[in-house]
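Colleague: Sharing a structure here in structure tokens format.
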Amino acid sequence: MIKVVIVEDEPAVRKEISFLIGLEKDAELLGWADSVRTAQNLIVETQPDVVLLDIQLRDGTAFDLLKKLDPIPPNIIFITAYNHFAIKAIKFGALDYLLKPVDQTELKEALERFRRRRQSNPQWMQQLSVTQNSMSVGELPESIVLSTLNNMRIVSVNDIVYCKGDGPYTFFFFSDGTEELISKPLKYYEDLLPAPHFLRTHQSYLVNRQYVTGINRSEYIVLKNKEEIPISMRRKSAILTLLSIKK
């Protein structure tokens, strides 16, 4: 059985999630809490497999709670109302989340992801750190967590030279000459790596501006490693304008 606790301060949301958990044949709801204080006691006493954790609670935040826990539960599914900034931070850390109102299918998929990765994740604390840092530093944190086909990789944003989209996948190319295939589309990372730091030069390319050395006939961006990245006609004007801004 998957032992679950809910940490949520909105009664209606809590009631709905409790009902949805009850529909899962292999899930058991151990209890719920509505504050940092009560959640700390509940988690310590019950030692759940999964914590469904609201980001904003009555007496603090999810991170206030996590600072009080030792060890921190390694399987947390964050719950949040639509807040672009919070969701962006969670994506930087490649952590799981659900939007309010919680959808049955999305909860089922989140629990299925837990079933597939029941083993402990040695990078969990680093992922959590990346997320918390993303919430505090603003638009572009120092690191991002990439979910590869086989594992998680934490990379410095400054080490990303460019990304190339290939349908539902994205190839990341790094300054040390290595590359990584990630099972998410380029659009997902365009939101996380925005202009003016990264330039969407083409439907298939997202380029780190710090590696750009020039433009070839207004058709290609030239990188420090001499590679040429195409510029689409419809993006040419915006790209030229962005590159004319002095760093």
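Identifiers for the structure tokens are assigned positionally: chains receive A, B, ... in sequence, residues are indexed from 1 per chain, and ligands are indexed from 1 in the order shown.
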So that I can check the surroundings of Lys91 of chain A, please list as a list in words every protein, DNA and RNA residue that reaches within 9 Å of it, counting only C-alpha atoms and ignoring chain neighbours fewer than 5 positions away.
Modeller: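 Listed by chain and then number, they are Ala86, Asp96, Tyr97, Thr131, Ile144, Val145 and Leu192 of chain A.
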Colleague: Could you tell me, as a list in words, which residues of segment 77-165 of chain A DSSP assigns to strand (DSSP E or B) when given the backbone?
Modeller: Ile77, Phe78, Ile79, Thr80, Asp96, Tyr97, Leu98, Leu99, Ser143, Ile144, Val145, Leu146, Ser147, Thr148, Met152, Arg153, Ile154, Val155, Ser156, Ile160, Val161, Tyr162, Cys163, Lys164 and Gly165 of chain A
Colleague: Please provide as a PDB file with N, CA, C and O atoms, in the first residue's frame all residues within 10 Å of Ile182 of chain A, with the sequence filter that same-chain residues fewer than 4 positions apart are discarded (counting only C-alpha atoms).
Modeller:
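Generated output (around36.pdb):
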```pdb
ATOM      1  N   LEU A 146      17.530  18.282 -14.973  1.00  0.00           N
ATOM      2  CA  LEU A 146      17.066  17.673 -16.219  1.00  0.00           C
ATOM      3  C   LEU A 146      16.733  16.211 -15.975  1.00  0.00           C
ATOM      4  O   LEU A 146      17.562  15.459 -15.436  1.00  0.00           O
ATOM      5  N   SER A 147      15.536  15.812 -16.381  1.00  0.00           N
ATOM      6  CA  SER A 147      15.119  14.413 -16.259  1.00  0.00           C
ATOM      7  C   SER A 147      15.506  13.682 -17.531  1.00  0.00           C
ATOM      8  O   SER A 147      14.860  13.832 -18.571  1.00  0.00           O
ATOM      9  N   THR A 148      16.582  12.910 -17.473  1.00  0.00           N
ATOM     10  CA  THR A 148      17.007  12.143 -18.637  1.00  0.00           C
ATOM     11  C   THR A 148      16.204  10.850 -18.701  1.00  0.00           C
ATOM     12  O   THR A 148      15.378  10.567 -17.837  1.00  0.00           O
ATOM     13  N   LEU A 149      16.472  10.044 -19.714  1.00  0.00           N
ATOM     14  CA  LEU A 149      15.746   8.789 -19.854  1.00  0.00           C
ATOM     15  C   LEU A 149      16.079   7.819 -18.727  1.00  0.00           C
ATOM     16  O   LEU A 149      15.294   6.929 -18.409  1.00  0.00           O
ATOM     17  N   ASN A 150      17.250   7.995 -18.118  1.00  0.00           N
ATOM     18  CA  ASN A 150      17.685   7.047 -17.098  1.00  0.00           C
ATOM     19  C   ASN A 150      17.842   7.634 -15.697  1.00  0.00           C
ATOM     20  O   ASN A 150      17.829   6.900 -14.713  1.00  0.00           O
ATOM     21  N   MET A 152      18.384  11.662 -13.166  1.00  0.00           N
ATOM     22  CA  MET A 152      18.275  13.106 -13.030  1.00  0.00           C
ATOM     23  C   MET A 152      19.673  13.705 -13.132  1.00  0.00           C
ATOM     24  O   MET A 152      20.643  13.129 -12.623  1.00  0.00           O
ATOM     25  N   GLY A 165      15.140  21.064 -30.245  1.00  0.00           N
ATOM     26  CA  GLY A 165      13.928  20.286 -30.102  1.00  0.00           C
ATOM     27  C   GLY A 165      13.789  19.234 -31.180  1.00  0.00           C
ATOM     28  O   GLY A 165      14.157  19.460 -32.340  1.00  0.00           O
ATOM     29  N   ASP A 166      13.248  18.089 -30.777  1.00  0.00           N
ATOM     30  CA  ASP A 166      12.988  16.998 -31.721  1.00  0.00           C
ATOM     31  C   ASP A 166      11.683  16.330 -31.293  1.00  0.00           C
ATOM     32  O   ASP A 166      11.689  15.333 -30.595  1.00  0.00           O
ATOM     33  N   PRO A 168       8.773  15.370 -29.136  1.00  0.00           N
ATOM     34  CA  PRO A 168       8.548  15.389 -27.686  1.00  0.00           C
ATOM     35  C   PRO A 168       9.846  15.389 -26.879  1.00  0.00           C
ATOM     36  O   PRO A 168       9.807  15.319 -25.653  1.00  0.00           O
ATOM     37  N   TYR A 169      10.997  15.466 -27.559  1.00  0.00           N
ATOM     38  CA  TYR A 169      12.299  15.420 -26.890  1.00  0.00           C
ATOM     39  C   TYR A 169      13.082  16.706 -27.118  1.00  0.00           C
ATOM     40  O   TYR A 169      12.814  17.463 -28.049  1.00  0.00           O
ATOM     41  N   THR A 170      14.078  16.928 -26.246  1.00  0.00           N
ATOM     42  CA  THR A 170      14.984  18.061 -26.390  1.00  0.00           C
ATOM     43  C   THR A 170      16.413  17.583 -26.168  1.00  0.00           C
ATOM     44  O   THR A 170      16.702  16.914 -25.175  1.00  0.00           O
ATOM     45  N   PHE A 171      17.299  17.948 -27.092  1.00  0.00           N
ATOM     46  CA  PHE A 171      18.724  17.695 -26.914  1.00  0.00           C
ATOM     47  C   PHE A 171      19.359  18.929 -26.270  1.00  0.00           C
ATOM     48  O   PHE A 171      19.166  20.048 -26.754  1.00  0.00           O
ATOM     49  N   PHE A 172      20.090  18.725 -25.189  1.00  0.00           N
ATOM     50  CA  PHE A 172      20.847  19.795 -24.552  1.00  0.00           C
ATOM     51  C   PHE A 172      22.315  19.649 -24.942  1.00  0.00           C
ATOM     52  O   PHE A 172      22.884  18.558 -24.834  1.00  0.00           O
ATOM     53  N   LEU A 186      10.836  21.138 -26.476  1.00  0.00           N
ATOM     54  CA  LEU A 186      11.568  22.399 -26.371  1.00  0.00           C
ATOM     55  C   LEU A 186      10.719  23.499 -25.745  1.00  0.00           C
ATOM     56  O   LEU A 186      11.228  24.360 -25.004  1.00  0.00           O
TER      57      LEU A 186
END
```
Colleague: Write out as a PyMOL selection string which residues come within 12 Å of Lys15 of chain A when counting only C-alpha atoms, dropping same-chain ones fewer than 5 positions away.
Modeller: chain A and resi 6-10+20-22+29+31-34+101-102
Colleague: Quick one: of A:Ser218, A:Ser18, A:Asp70, A:Thr61, who's nearest to Gln104 of chain A, counting only C-alpha atoms?
Modeller: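 Nearest to Gln104 of chain A: A:Ser18.
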Colleague: Between A:Asn41, A:Ile55, A:Arg118, A:Asn83, single out the one closest to Lys68 of chain A, counting only C-alpha atoms.
Modeller: A:Asn41
Colleague: Neighbouring residues of segment 200-215 of chain A were defined as those with any atom within 10 Å, considering only C-alpha atoms; residues of the same chain fewer than 2 positions away were excluded. Please report them as an MDAnalysis selection string.
Modeller: chainID A and resid 157:167 170:173 175 185:187 189:190 193:198 217:236 238:240 242:243 247
